[in-house]
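> Just one file: target-v5.cif, with mmCIF, C-alpha atoms and all ligand atoms.
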```cif
data_structure
#
loop_
_atom_site.label_atom_id
_atom_site.label_comp_id
_atom_site.auth_asym_id
_atom_site.auth_seq_id
_atom_site.Cartn_x
_atom_site.Cartn_y
_atom_site.Cartn_z
CA MET R 1 -11.36 3.30 0.18
CA ARG R 2 -10.16 -0.24 0.84
CA LYS R 3 -8.54 -0.92 4.19
CA ARG R 4 -4.91 -2.06 4.35
CA ALA R 5 -4.51 -5.56 5.88
CA LEU R 6 -2.48 -8.73 5.79
CA LEU R 7 -4.33 -12.00 5.25
CA ILE R 8 -3.79 -15.35 6.98
CA THR R 9 -5.65 -18.39 5.63
CA GLY R 10 -6.02 -21.48 7.82
CA ALA R 11 -5.41 -19.07 10.68
CA GLY R 12 -6.86 -21.36 13.36
CA GLY R 13 -4.31 -24.11 12.70
CA GLU R 14 -1.04 -24.83 14.45
CA ILE R 15 1.16 -22.35 12.56
CA GLY R 16 -1.59 -19.71 12.57
CA HIS R 17 -1.69 -19.71 16.35
CA GLY R 18 1.96 -18.82 16.75
CA LEU R 19 1.95 -16.48 13.79
CA ILE R 20 -1.03 -14.39 14.88
CA ALA R 21 0.40 -13.88 18.36
CA ARG R 22 3.82 -12.93 16.98
CA LEU R 23 2.50 -10.68 14.18
CA SER R 24 0.16 -8.80 16.46
CA ALA R 25 3.18 -7.87 18.59
CA THR R 26 5.41 -6.80 15.70
CA SER R 27 3.31 -5.65 12.74
CA GLU R 28 1.35 -2.42 12.42
CA THR R 29 -0.74 -3.83 9.60
CA PRO R 30 -4.16 -5.11 10.71
CA ILE R 31 -4.61 -8.88 10.46
CA ILE R 32 -7.57 -10.42 8.65
CA THR R 33 -8.13 -14.18 8.72
CA LEU R 34 -9.91 -16.81 6.67
CA ASP R 35 -10.59 -20.24 8.14
CA VAL R 36 -13.31 -22.85 7.72
CA ALA R 37 -13.88 -22.83 11.50
CA PRO R 38 -14.38 -19.78 13.72
CA LEU R 39 -11.19 -18.66 15.44
CA GLU R 40 -10.90 -19.58 19.07
CA ALA R 41 -11.57 -16.80 21.53
CA SER R 42 -7.94 -16.32 22.58
CA LEU R 43 -6.98 -15.25 19.02
CA THR R 44 -9.85 -12.91 18.14
CA PRO R 45 -8.52 -9.85 20.03
CA TYR R 46 -5.51 -9.80 17.67
CA VAL R 47 -7.59 -9.92 14.50
CA ALA R 48 -9.21 -6.93 12.78
CA ARG R 49 -11.65 -9.04 10.78
CA GLU R 50 -12.37 -12.75 10.79
CA PHE R 51 -13.88 -14.46 7.75
CA THR R 52 -15.29 -17.93 8.38
CA GLY R 53 -15.41 -19.82 5.10
CA SER R 54 -13.48 -21.79 2.54
CA ILE R 55 -10.58 -20.85 0.29
CA MET R 56 -12.68 -22.59 -2.40
CA ASP R 57 -15.36 -19.91 -2.11
CA GLY R 58 -14.61 -17.49 -4.96
CA ALA R 59 -17.37 -15.08 -3.95
CA LEU R 60 -15.92 -14.78 -0.46
CA LEU R 61 -12.43 -14.06 -1.86
CA GLU R 62 -14.00 -11.37 -4.11
CA ARG R 63 -15.58 -9.78 -1.05
CA ILE R 64 -12.23 -9.67 0.71
CA LEU R 65 -10.64 -8.19 -2.43
CA ALA R 66 -13.32 -5.51 -2.63
CA GLU R 67 -12.90 -4.49 1.01
CA PHE R 68 -9.19 -4.91 1.73
CA ASP R 69 -5.91 -3.75 0.23
CA VAL R 70 -3.67 -6.76 0.90
CA ASP R 71 0.04 -6.94 0.11
CA LEU R 72 1.06 -9.80 2.41
CA ILE R 73 -0.58 -13.23 2.53
CA PHE R 74 0.28 -16.22 4.70
CA HIS R 75 -1.51 -19.08 2.97
CA LEU R 76 -1.51 -21.75 5.68
CA ALA R 77 -4.75 -23.61 4.90
CA ALA R 78 -4.06 -27.23 3.86
CA LEU R 79 -4.99 -30.86 4.47
CA LEU R 80 -1.90 -32.60 5.89
CA SER R 81 -0.24 -35.76 4.65
CA THR R 82 -1.98 -38.59 6.53
CA ARG R 83 -5.43 -37.04 6.22
CA ALA R 84 -4.89 -36.37 2.52
CA GLU R 85 -4.28 -40.09 1.90
CA PHE R 86 -7.82 -40.86 3.13
CA THR R 87 -9.44 -38.19 0.95
CA PRO R 88 -7.03 -37.54 -1.93
CA VAL R 89 -9.51 -35.78 -4.20
CA THR R 90 -10.62 -33.40 -1.46
CA ALA R 91 -6.96 -32.86 -0.57
CA HIS R 92 -6.21 -31.94 -4.16
CA GLN R 93 -9.15 -29.54 -4.22
CA VAL R 94 -8.15 -27.79 -1.00
CA ASN R 95 -4.37 -27.93 -1.40
CA VAL R 96 -4.09 -27.20 -5.13
CA GLU R 97 -7.31 -25.50 -6.29
CA GLY R 98 -7.47 -23.55 -3.03
CA THR R 99 -3.88 -22.34 -3.52
CA LEU R 100 -4.60 -21.43 -7.13
CA ASN R 101 -7.60 -19.37 -5.93
CA LEU R 102 -5.35 -17.57 -3.45
CA LEU R 103 -2.66 -16.93 -6.09
CA GLU R 104 -5.33 -15.42 -8.36
CA PHE R 105 -6.59 -13.37 -5.42
CA ALA R 106 -3.02 -12.15 -4.83
CA GLN R 107 -2.55 -11.33 -8.51
CA HIS R 108 -5.79 -9.29 -8.55
CA GLU R 109 -4.79 -7.49 -5.34
CA ALA R 110 -1.40 -6.64 -6.88
CA GLU R 111 -3.01 -5.36 -10.09
CA SER R 112 -5.50 -3.29 -8.12
CA HIS R 113 -3.00 -1.47 -5.90
CA GLY R 114 0.05 -1.64 -8.16
CA ARG R 115 2.43 -3.11 -5.57
CA PRO R 116 3.84 -6.63 -5.23
CA VAL R 117 1.93 -9.04 -3.01
CA VAL R 118 4.27 -11.16 -0.90
CA PHE R 119 2.72 -14.63 -0.86
CA MET R 120 4.12 -16.78 1.98
CA TYR R 121 3.62 -20.48 1.45
CA PRO R 122 4.54 -23.28 3.85
CA SER R 123 5.58 -26.28 1.81
CA SER R 124 7.00 -29.41 3.38
CA ILE R 125 9.63 -32.15 3.46
CA ALA R 126 6.75 -34.18 1.98
CA ILE R 127 7.76 -32.91 -1.49
CA PHE R 128 10.71 -35.33 -1.29
CA GLY R 129 10.38 -39.01 -2.06
CA LEU R 130 13.25 -41.40 -1.32
CA PRO R 131 12.58 -44.82 -2.84
CA ASP R 132 13.99 -46.98 0.00
CA LEU R 133 15.84 -46.85 3.31
CA ASP R 134 19.28 -47.50 1.80
CA THR R 135 18.84 -44.54 -0.53
CA LYS R 136 17.57 -42.43 2.38
CA ALA R 137 20.66 -43.31 4.44
CA ALA R 138 22.98 -42.58 1.54
CA ALA R 139 21.23 -39.31 0.61
CA GLY R 140 22.07 -37.58 3.92
CA ARG R 141 21.19 -33.88 3.88
CA VAL R 142 18.97 -33.59 0.83
CA ARG R 143 19.21 -30.44 -1.28
CA GLU R 144 16.19 -28.53 -2.60
CA ASP R 145 16.19 -29.91 -6.14
CA ASP R 146 17.07 -33.52 -5.36
CA TRP R 147 14.60 -36.37 -4.88
CA ASN R 148 11.55 -34.25 -5.82
CA CYS R 149 9.45 -37.36 -6.28
CA PRO R 150 6.74 -37.36 -3.57
CA THR R 151 4.80 -40.50 -2.69
CA THR R 152 1.79 -38.80 -1.07
CA MET R 153 -1.06 -36.70 -2.44
CA TYR R 154 -0.06 -33.93 0.01
CA GLY R 155 3.56 -34.04 -1.21
CA CYS R 156 2.43 -33.88 -4.85
CA ASN R 157 0.10 -30.98 -4.01
CA LYS R 158 2.82 -29.02 -2.20
CA LEU R 159 5.43 -29.59 -4.93
CA TYR R 160 3.03 -28.52 -7.67
CA CYS R 161 2.00 -25.41 -5.74
CA GLU R 162 5.67 -24.48 -5.31
CA HIS R 163 5.85 -24.50 -9.11
CA LEU R 164 2.63 -22.52 -9.41
CA GLY R 165 4.09 -19.89 -7.10
CA ARG R 166 7.27 -19.74 -9.15
CA TYR R 167 5.15 -19.37 -12.29
CA TYR R 168 3.11 -16.48 -10.83
CA THR R 169 6.31 -14.77 -9.65
CA HIS R 170 8.48 -15.15 -12.72
CA HIS R 171 6.43 -16.22 -15.73
CA TYR R 172 2.80 -15.15 -15.28
CA LYS R 173 1.19 -14.59 -18.70
CA GLN R 174 4.47 -14.65 -20.55
CA LEU R 175 2.82 -12.76 -23.36
CA ALA R 176 2.98 -9.50 -21.38
CA ALA R 177 5.78 -7.39 -22.88
CA GLU R 178 6.62 -5.73 -19.54
CA PRO R 179 6.15 -7.35 -16.11
CA PRO R 180 3.31 -5.42 -14.43
CA ALA R 181 4.15 -3.14 -11.47
CA GLY R 182 1.93 -5.19 -9.20
CA HIS R 183 2.69 -8.90 -9.22
CA VAL R 184 2.84 -11.93 -6.96
CA ASP R 185 6.07 -12.35 -5.00
CA PHE R 186 5.86 -15.99 -3.91
CA ARG R 187 8.17 -17.14 -1.12
CA CYS R 188 8.10 -20.66 0.22
CA VAL R 189 9.64 -22.52 3.14
CA ARG R 190 9.68 -26.30 3.23
CA PHE R 191 8.90 -27.07 6.83
CA PRO R 192 10.12 -30.22 8.55
CA GLY R 193 7.85 -31.68 11.25
CA LEU R 194 6.84 -28.79 13.49
CA ILE R 195 6.54 -29.27 17.25
CA SER R 196 4.44 -26.81 19.21
CA ALA R 197 4.05 -26.63 22.97
CA ILE R 198 0.72 -24.82 22.58
CA THR R 199 -1.18 -26.94 20.08
CA VAL R 200 -1.37 -30.60 19.05
CA PRO R 201 -1.35 -31.28 15.33
CA SER R 202 -3.89 -33.35 13.47
CA GLY R 203 -3.72 -35.21 10.19
CA GLY R 204 0.06 -35.07 9.72
CA THR R 205 2.57 -37.91 9.57
CA SER R 206 5.25 -36.15 11.60
CA ASP R 207 2.65 -35.93 14.40
CA TYR R 208 4.21 -38.82 16.38
CA ALA R 209 6.81 -36.55 18.01
CA PRO R 210 4.42 -33.85 19.29
CA GLU R 211 1.78 -36.49 20.19
CA MET R 212 4.35 -38.39 22.27
CA ILE R 213 5.31 -35.26 24.22
CA HIS R 214 1.75 -34.06 24.86
CA ALA R 215 0.55 -37.56 25.84
CA ALA R 216 3.37 -37.84 28.40
CA ALA R 217 2.49 -34.42 29.84
CA ARG R 218 -1.14 -35.55 30.21
CA GLY R 219 0.01 -38.77 31.87
CA GLU R 220 -1.40 -40.87 29.01
CA GLN R 221 0.09 -43.98 27.40
CA TYR R 222 1.28 -43.36 23.81
CA ASP R 223 1.89 -45.88 21.03
CA CYS R 224 4.22 -44.35 18.49
CA PHE R 225 3.11 -45.24 14.96
CA VAL R 226 6.63 -45.41 13.47
CA ARG R 227 9.65 -47.58 14.25
CA PRO R 228 12.16 -46.41 16.90
CA ASP R 229 14.80 -45.82 14.19
CA ALA R 230 12.54 -43.60 12.01
CA ARG R 231 14.31 -40.31 11.43
CA ILE R 232 13.15 -37.05 9.83
CA PRO R 233 13.92 -33.37 10.49
CA PHE R 234 11.91 -31.37 13.03
CA MET R 235 11.71 -27.78 14.20
CA ALA R 236 10.26 -26.00 17.24
CA MET R 237 7.23 -23.90 16.31
CA PRO R 238 8.72 -20.52 17.35
CA ASP R 239 11.55 -21.08 14.87
CA GLY R 240 9.00 -21.96 12.17
CA VAL R 241 7.06 -18.75 12.78
CA GLU R 242 10.28 -16.72 12.89
CA ALA R 243 11.37 -18.23 9.57
CA LEU R 244 8.10 -17.18 7.90
CA LEU R 245 8.48 -13.63 9.20
CA LYS R 246 12.14 -13.39 8.26
CA LEU R 247 11.61 -14.65 4.72
CA ALA R 248 8.58 -12.35 4.29
CA ALA R 249 10.74 -9.36 5.25
CA ALA R 250 13.80 -10.29 3.15
CA PRO R 251 14.76 -7.99 0.26
CA ARG R 252 13.61 -9.62 -2.97
CA GLU R 253 17.01 -9.22 -4.60
CA ARG R 254 18.59 -11.42 -1.90
CA LEU R 255 16.41 -14.39 -2.83
CA SER R 256 18.00 -16.82 -5.24
CA ARG R 257 15.05 -19.25 -5.17
CA THR R 258 11.31 -19.35 -4.49
CA ALA R 259 11.41 -22.49 -2.28
CA TYR R 260 13.82 -23.05 0.60
CA ASN R 261 14.62 -26.14 2.71
CA LEU R 262 14.61 -25.58 6.48
CA GLY R 263 15.88 -27.84 9.23
CA ALA R 264 16.77 -27.61 12.90
CA PHE R 265 17.28 -31.08 14.43
CA ASN R 266 16.58 -34.61 13.29
CA PRO R 267 16.20 -37.12 16.13
CA SER R 268 15.00 -40.67 15.63
CA ALA R 269 11.64 -41.55 17.19
CA GLU R 270 13.53 -43.46 19.92
CA GLU R 271 15.67 -40.39 20.68
CA VAL R 272 12.50 -38.32 21.07
CA ALA R 273 11.02 -41.01 23.33
CA ALA R 274 14.19 -41.04 25.48
CA VAL R 275 14.05 -37.27 26.08
CA VAL R 276 10.32 -37.44 26.81
CA ARG R 277 10.87 -40.27 29.33
CA ALA R 278 13.64 -38.26 30.99
CA SER R 279 11.44 -35.14 31.14
CA PHE R 280 8.28 -36.90 32.30
CA PRO R 281 9.39 -39.83 34.50
CA GLY R 282 6.85 -42.62 34.23
CA ALA R 283 5.88 -41.70 30.65
CA ALA R 284 4.50 -44.86 29.05
CA ILE R 285 5.69 -44.91 25.44
CA GLY R 286 5.40 -47.95 23.21
CA PHE R 287 5.83 -48.54 19.47
CA LYS R 288 2.98 -49.89 17.33
CA VAL R 289 3.95 -49.40 13.73
CA ASP R 290 1.35 -48.29 11.19
CA ALA R 291 2.76 -49.58 7.90
CA LYS R 292 1.29 -46.81 5.75
CA ARG R 293 2.45 -43.94 7.93
CA GLN R 294 5.83 -45.63 8.37
CA GLY R 295 6.12 -45.84 4.57
CA ILE R 296 5.51 -42.10 4.30
CA VAL R 297 8.15 -41.27 6.93
CA ASP R 298 10.62 -43.66 5.27
CA SER R 299 10.19 -41.73 2.01
CA TRP R 300 11.03 -38.39 3.65
CA PRO R 301 14.70 -37.39 4.07
CA ALA R 302 16.53 -37.97 7.33
CA ASP R 303 17.87 -34.43 7.04
CA VAL R 304 17.82 -31.47 4.68
CA ASP R 305 20.44 -29.05 3.42
CA ASP R 306 19.21 -25.56 4.33
CA ALA R 307 22.35 -23.65 3.33
CA ALA R 308 20.45 -21.51 0.81
CA ALA R 309 18.00 -20.20 3.47
CA ARG R 310 20.90 -19.44 5.80
CA ALA R 311 22.87 -17.62 3.10
CA ASP R 312 20.04 -15.72 1.37
CA TRP R 313 17.91 -14.47 4.25
CA GLY R 314 19.72 -15.39 7.46
CA PHE R 315 17.69 -18.40 8.57
CA ALA R 316 19.14 -19.45 11.95
CA PRO R 317 16.93 -21.58 14.19
CA GLU R 318 17.28 -20.78 17.87
CA PHE R 319 16.37 -24.25 19.14
CA ASP R 320 18.46 -27.36 18.64
CA PHE R 321 17.13 -30.69 19.94
CA ALA R 322 18.27 -30.19 23.54
CA ARG R 323 17.17 -26.54 23.80
CA ALA R 324 13.84 -27.20 22.08
CA PHE R 325 12.99 -29.54 24.95
CA SER R 326 14.68 -27.87 27.90
CA GLU R 327 13.82 -24.24 27.12
CA TYR R 328 10.62 -24.39 25.09
CA LEU R 329 8.64 -27.63 24.99
CA ILE R 330 8.91 -28.97 28.51
CA PRO R 331 8.47 -25.71 30.48
CA THR R 332 5.71 -24.38 28.22
CA ILE R 333 3.81 -27.65 28.11
CA ARG R 334 4.05 -28.07 31.89
CA ARG R 335 2.66 -24.55 32.41
CA ARG R 336 -0.14 -25.09 29.93
CA TYR R 337 -1.31 -28.39 31.42
CA GLN R 338 -1.19 -26.94 34.90
CA GLY R 339 -2.93 -23.73 33.86
CA GLU R 340 -4.94 -22.64 30.86
CA GLY R 341 -5.25 -26.06 29.20
CA LEU R 342 -4.36 -27.15 25.72
CA VAL R 343 -5.46 -25.98 22.35
CA ARG R 344 -6.46 -28.69 19.88
C1 LIG R 401 2.73 -33.64 7.87
O1 LIG R 401 3.18 -34.53 8.60
O2 LIG R 401 1.91 -33.83 6.97
C2 LIG R 401 3.25 -32.25 8.06
C3 LIG R 401 4.43 -31.98 7.19
C4 LIG R 401 5.73 -32.62 7.49
O3 LIG R 401 4.30 -31.29 6.23
N1 LIG R 401 3.58 -32.02 9.43
#
```
Could you render the structure as structure tokens?


Amino acid sequence: MRKRALLITGAGGEIGHGLIARLSATSETPIITLDVAPLEASLTPYVAREFTGSIMDGALLERILAEFDVDLIFHLAALLSTRAEFTPVTAHQVNVEGTLNLLEFAQHEAESHGRPVVFMYPSSIAIFGLPDLDTKAAAGRVREDDWNCPTTMYGCNKLYCEHLGRYYTHHYKQLAAEPPAGHVDFRCVRFPGLISAITVPSGGTSDYAPEMIHAAARGEQYDCFVRPDARIPFMAMPDGVEALLKLAAAPRERLSRTAYNLGAFNPSAEEVAAVVRASFPGAAIGFKVDAKRQGIVDSWPADVDDAAARADWGFAPEFDFARAFSEYLIPTIRRRYQGEGLVR
């Protein structure tokens, strides 16, 4: 008999941290994880079984399939936007081929137990590509199907995988006369920049905001790599985790799309710096623009229209810009730097 479980890939990353803690408190289903690096000790008590390995390893996925009955997957493993620009071919392998492997894994799970497999996929504002700053300013709150013209390998990967997920959900092997009982039920949120008080990101282009906050808390000088006026949407990590859980639990018939925009607040880099300076007096924040990373941020929308997520499955972020800092980031970060330390 296979054991019932939910699977999290890339579990040791930023989203995985929050998700594991939250799921272990709310879900009865045992959690199994797959990550290239061993999970850190603070997470292992919440996990029934930890697999250390790659999503590219077909034999390992077969082993998991043979042992576990999975009907919920959070596929978080990915190479983020800045890192992907340095190693685009590897990024394509991990972000696209890895996701295809997981979709096939989900399809086989569904066929084996005869139930749908809910496949949760974090996509990104990186799937958008605005050609210049005037267009970005004029575009305002960008809707899901507008400006789907990414300029990064990561953005291309995420957009294509959104389509793969839609294919597996609605069109898989169109030759089948009847849709099979067990099938992939792909659900995707397009995250803005996520800001966690517990972890610092690595390899992303929205990293300047969290890096600025954590550097100030550590008493370190920080040179922001985008211009003061750079503006993209952000979200506090607890709202990101909550959104994943809420969409995963939504009745299928309520969902009018497979990919949803999400937003919460959209400060400029200078507005983030001002709040950080006010919260950590003496914070030394400068601006040293990296042209390539600036170009990526300039191509992302200043804001997104997330009306569909709000209407279909009740997305409602708890933290606006002020509350994210006053009630989550600043108090949690202060406690962490005074106490247990920081997770990287
Ligand atoms: C990145 O900067 O690559 C990510 C994202 C916005 O998807 N944080």

> Return as a tab-separated table the residues of chain R lying at most 8 Å from ligand LIG 401 (chain R), together with the closest atom-to-atom pair for each and the distance in Å to one decimal, counting all atoms listed in the file, with rows in chain order and ascending residue number.


```
residue	atom	partner	partner_atom	distance
R:Leu79	CA	R:LIG401	O2	7.9
R:Leu80	CA	R:LIG401	O2	4.1
R:Ser81	CA	R:LIG401	O2	3.7
R:Thr82	CA	R:LIG401	O2	6.2
R:Ser123	CA	R:LIG401	O3	6.8
R:Ser124	CA	R:LIG401	O3	4.4
R:Ile125	CA	R:LIG401	C4	5.6
R:Ala126	CA	R:LIG401	O3	5.7
R:Tyr154	CA	R:LIG401	O2	7.2
R:Gly155	CA	R:LIG401	O3	8.0
R:Arg190	CA	R:LIG401	O3	7.9
R:Phe191	CA	R:LIG401	O3	6.3
R:Pro192	CA	R:LIG401	C4	5.1
R:Gly193	CA	R:LIG401	C4	4.4
R:Leu194	CA	R:LIG401	N1	6.1
R:Pro201	CA	R:LIG401	N1	7.7
R:Gly203	CA	R:LIG401	O2	6.6
R:Gly204	CA	R:LIG401	O1	3.4
R:Thr205	CA	R:LIG401	O1	3.6
R:Ser206	CA	R:LIG401	O1	4.0
R:Asp207	CA	R:LIG401	O1	6.0
```

> Mind giving me the axis-aligned box for stretch 84-97 of chain R with 3 Å on every side, centre plus edges in Å to one decimal, as lines of an AutoDock Vina configuration file?


```
center_x = -7.4
center_y = -33.2
center_z = -1.6
size_x = 12.5
size_y = 21.4
size_z = 15.4
```

> Excluding R:Arg49 and its own-chain neighbours fewer than 5 positions away, which residues fall within 12 Å of it when counting only C-alpha atoms? Please give them as a list in words.

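Counting only the stated atoms, we get Lys3, Arg4, Ala5, Leu6, Leu7, Ile8, Ala11, Pro30, Ile31, Ile32, Thr33, Leu34, Asp35, Pro38, Leu39, Leu43, Thr44, Ile64, Glu67 and Phe68 of chain R.
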
> With stretch 301-306 of chain R as the partner and 12 Å as the cut-off, tabulate the residues of stretch 226-270 of chain R that qualify, each row holding the nearest pair of atoms and their distance in Å to one decimal, using only C-alpha atoms, sorted by chain and rising number, as a tab-separated table.


```
residue	atom	partner	partner_atom	distance
R:Asp229	CA	R:Ala302	CA	10.6
R:Ala230	CA	R:Ala302	CA	8.3
R:Arg231	CA	R:Ala302	CA	5.2
R:Ile232	CA	R:Ala302	CA	4.3
R:Pro233	CA	R:Asp303	CA	5.4
R:Phe234	CA	R:Asp303	CA	9.0
R:Met235	CA	R:Asp303	CA	11.6
R:Ala243	CA	R:Asp306	CA	11.9
R:Ala259	CA	R:Asp306	CA	10.7
R:Tyr260	CA	R:Asp306	CA	7.0
R:Asn261	CA	R:Asp306	CA	4.9
R:Leu262	CA	R:Asp306	CA	5.1
R:Gly263	CA	R:Val304	CA	6.1
R:Ala264	CA	R:Asp303	CA	9.1
R:Phe265	CA	R:Asp303	CA	8.1
R:Asn266	CA	R:Asp303	CA	6.4
R:Pro267	CA	R:Ala302	CA	8.8
R:Ser268	CA	R:Ala302	CA	8.9
R:Ala269	CA	R:Ala302	CA	11.6
```

> At what distance in Å, to one decimal, does atom CA of R:Asp71 lie from atom CA of R:Leu255?

18.2 Å

> So the first atom is atom CA of R:Ala307 and the second is atom CA of R:Glu144; what is the distance between them in Å, to one decimal place?

9.8 Å

> Give me the residues within 12 Å of R:Ala278 as a ChimeraX atom specification, counting only C-alpha atoms and dropping any in the same chain fewer than 4 places off.

/R:213,216-217,271-274,282-285,322,325-326,330

> Using all atoms listed in the file, pick whichever of R:Val275, R:Cys156, R:Leu100, R:Ala37 has the shortest atom-to-atom distance to R:Glu85.

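So, comparing all the options, the nearest one is R:Cys156.
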
> Using all atoms listed in the file for the distances, tell me which of R:His214, R:Arg187, R:Arg254, R:Lys292 is nearest to R:Tyr337.

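Among R:His214, R:Arg187, R:Arg254, R:Lys292, it is R:His214 that comes nearest to R:Tyr337.
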
> Generate N, CA and C atoms for stretch 123-138 of chain R and emit them as a PDB file, in the frame of the given file.


```
ATOM      1  N   SER R 123       5.525 -24.966   2.436  1.00  0.00           N
ATOM      2  CA  SER R 123       5.580 -26.280   1.810  1.00  0.00           C
ATOM      3  C   SER R 123       6.149 -27.248   2.847  1.00  0.00           C
ATOM      4  N   SER R 124       6.725 -28.336   2.425  1.00  0.00           N
ATOM      5  CA  SER R 124       7.000 -29.410   3.380  1.00  0.00           C
ATOM      6  C   SER R 124       8.088 -30.348   2.887  1.00  0.00           C
ATOM      7  N   ILE R 125       8.718 -31.057   3.837  1.00  0.00           N
ATOM      8  CA  ILE R 125       9.630 -32.150   3.460  1.00  0.00           C
ATOM      9  C   ILE R 125       8.883 -33.240   2.698  1.00  0.00           C
ATOM     10  N   ALA R 126       7.542 -33.177   2.706  1.00  0.00           N
ATOM     11  CA  ALA R 126       6.750 -34.180   1.980  1.00  0.00           C
ATOM     12  C   ALA R 126       6.931 -34.075   0.466  1.00  0.00           C
ATOM     13  N   ILE R 127       7.540 -32.999  -0.029  1.00  0.00           N
ATOM     14  CA  ILE R 127       7.760 -32.910  -1.490  1.00  0.00           C
ATOM     15  C   ILE R 127       8.886 -33.850  -1.930  1.00  0.00           C
ATOM     16  N   PHE R 128       9.649 -34.377  -0.949  1.00  0.00           N
ATOM     17  CA  PHE R 128      10.710 -35.330  -1.290  1.00  0.00           C
ATOM     18  C   PHE R 128      10.148 -36.746  -1.296  1.00  0.00           C
ATOM     19  N   GLY R 129      10.771 -37.603  -2.074  1.00  0.00           N
ATOM     20  CA  GLY R 129      10.380 -39.010  -2.060  1.00  0.00           C
ATOM     21  C   GLY R 129      11.608 -39.864  -2.300  1.00  0.00           C
ATOM     22  N   LEU R 130      12.105 -40.481  -1.206  1.00  0.00           N
ATOM     23  CA  LEU R 130      13.250 -41.400  -1.320  1.00  0.00           C
ATOM     24  C   LEU R 130      12.681 -42.797  -1.536  1.00  0.00           C
ATOM     25  N   PRO R 131      13.220 -43.542  -2.489  1.00  0.00           N
ATOM     26  CA  PRO R 131      12.580 -44.820  -2.840  1.00  0.00           C
ATOM     27  C   PRO R 131      12.722 -45.920  -1.799  1.00  0.00           C
ATOM     28  N   ASP R 132      13.801 -45.913  -0.994  1.00  0.00           N
ATOM     29  CA  ASP R 132      13.990 -46.980   0.000  1.00  0.00           C
ATOM     30  C   ASP R 132      14.944 -46.491   1.092  1.00  0.00           C
ATOM     31  N   LEU R 133      15.064 -47.293   2.145  1.00  0.00           N
ATOM     32  CA  LEU R 133      15.840 -46.850   3.310  1.00  0.00           C
ATOM     33  C   LEU R 133      17.343 -46.733   3.013  1.00  0.00           C
ATOM     34  N   ASP R 134      17.857 -47.596   2.138  1.00  0.00           N
ATOM     35  CA  ASP R 134      19.280 -47.500   1.800  1.00  0.00           C
ATOM     36  C   ASP R 134      19.561 -46.170   1.098  1.00  0.00           C
ATOM     37  N   THR R 135      18.665 -45.810   0.191  1.00  0.00           N
ATOM     38  CA  THR R 135      18.840 -44.540  -0.530  1.00  0.00           C
ATOM     39  C   THR R 135      18.710 -43.383   0.445  1.00  0.00           C
ATOM     40  N   LYS R 136      17.753 -43.489   1.378  1.00  0.00           N
ATOM     41  CA  LYS R 136      17.570 -42.430   2.380  1.00  0.00           C
ATOM     42  C   LYS R 136      18.846 -42.262   3.206  1.00  0.00           C
ATOM     43  N   ALA R 137      19.437 -43.391   3.629  1.00  0.00           N
ATOM     44  CA  ALA R 137      20.660 -43.310   4.440  1.00  0.00           C
ATOM     45  C   ALA R 137      21.802 -42.699   3.633  1.00  0.00           C
ATOM     46  N   ALA R 138      21.880 -43.079   2.370  1.00  0.00           N
ATOM     47  CA  ALA R 138      22.980 -42.580   1.540  1.00  0.00           C
ATOM     48  C   ALA R 138      22.787 -41.113   1.163  1.00  0.00           C
TER      49      ALA R 138
END
```
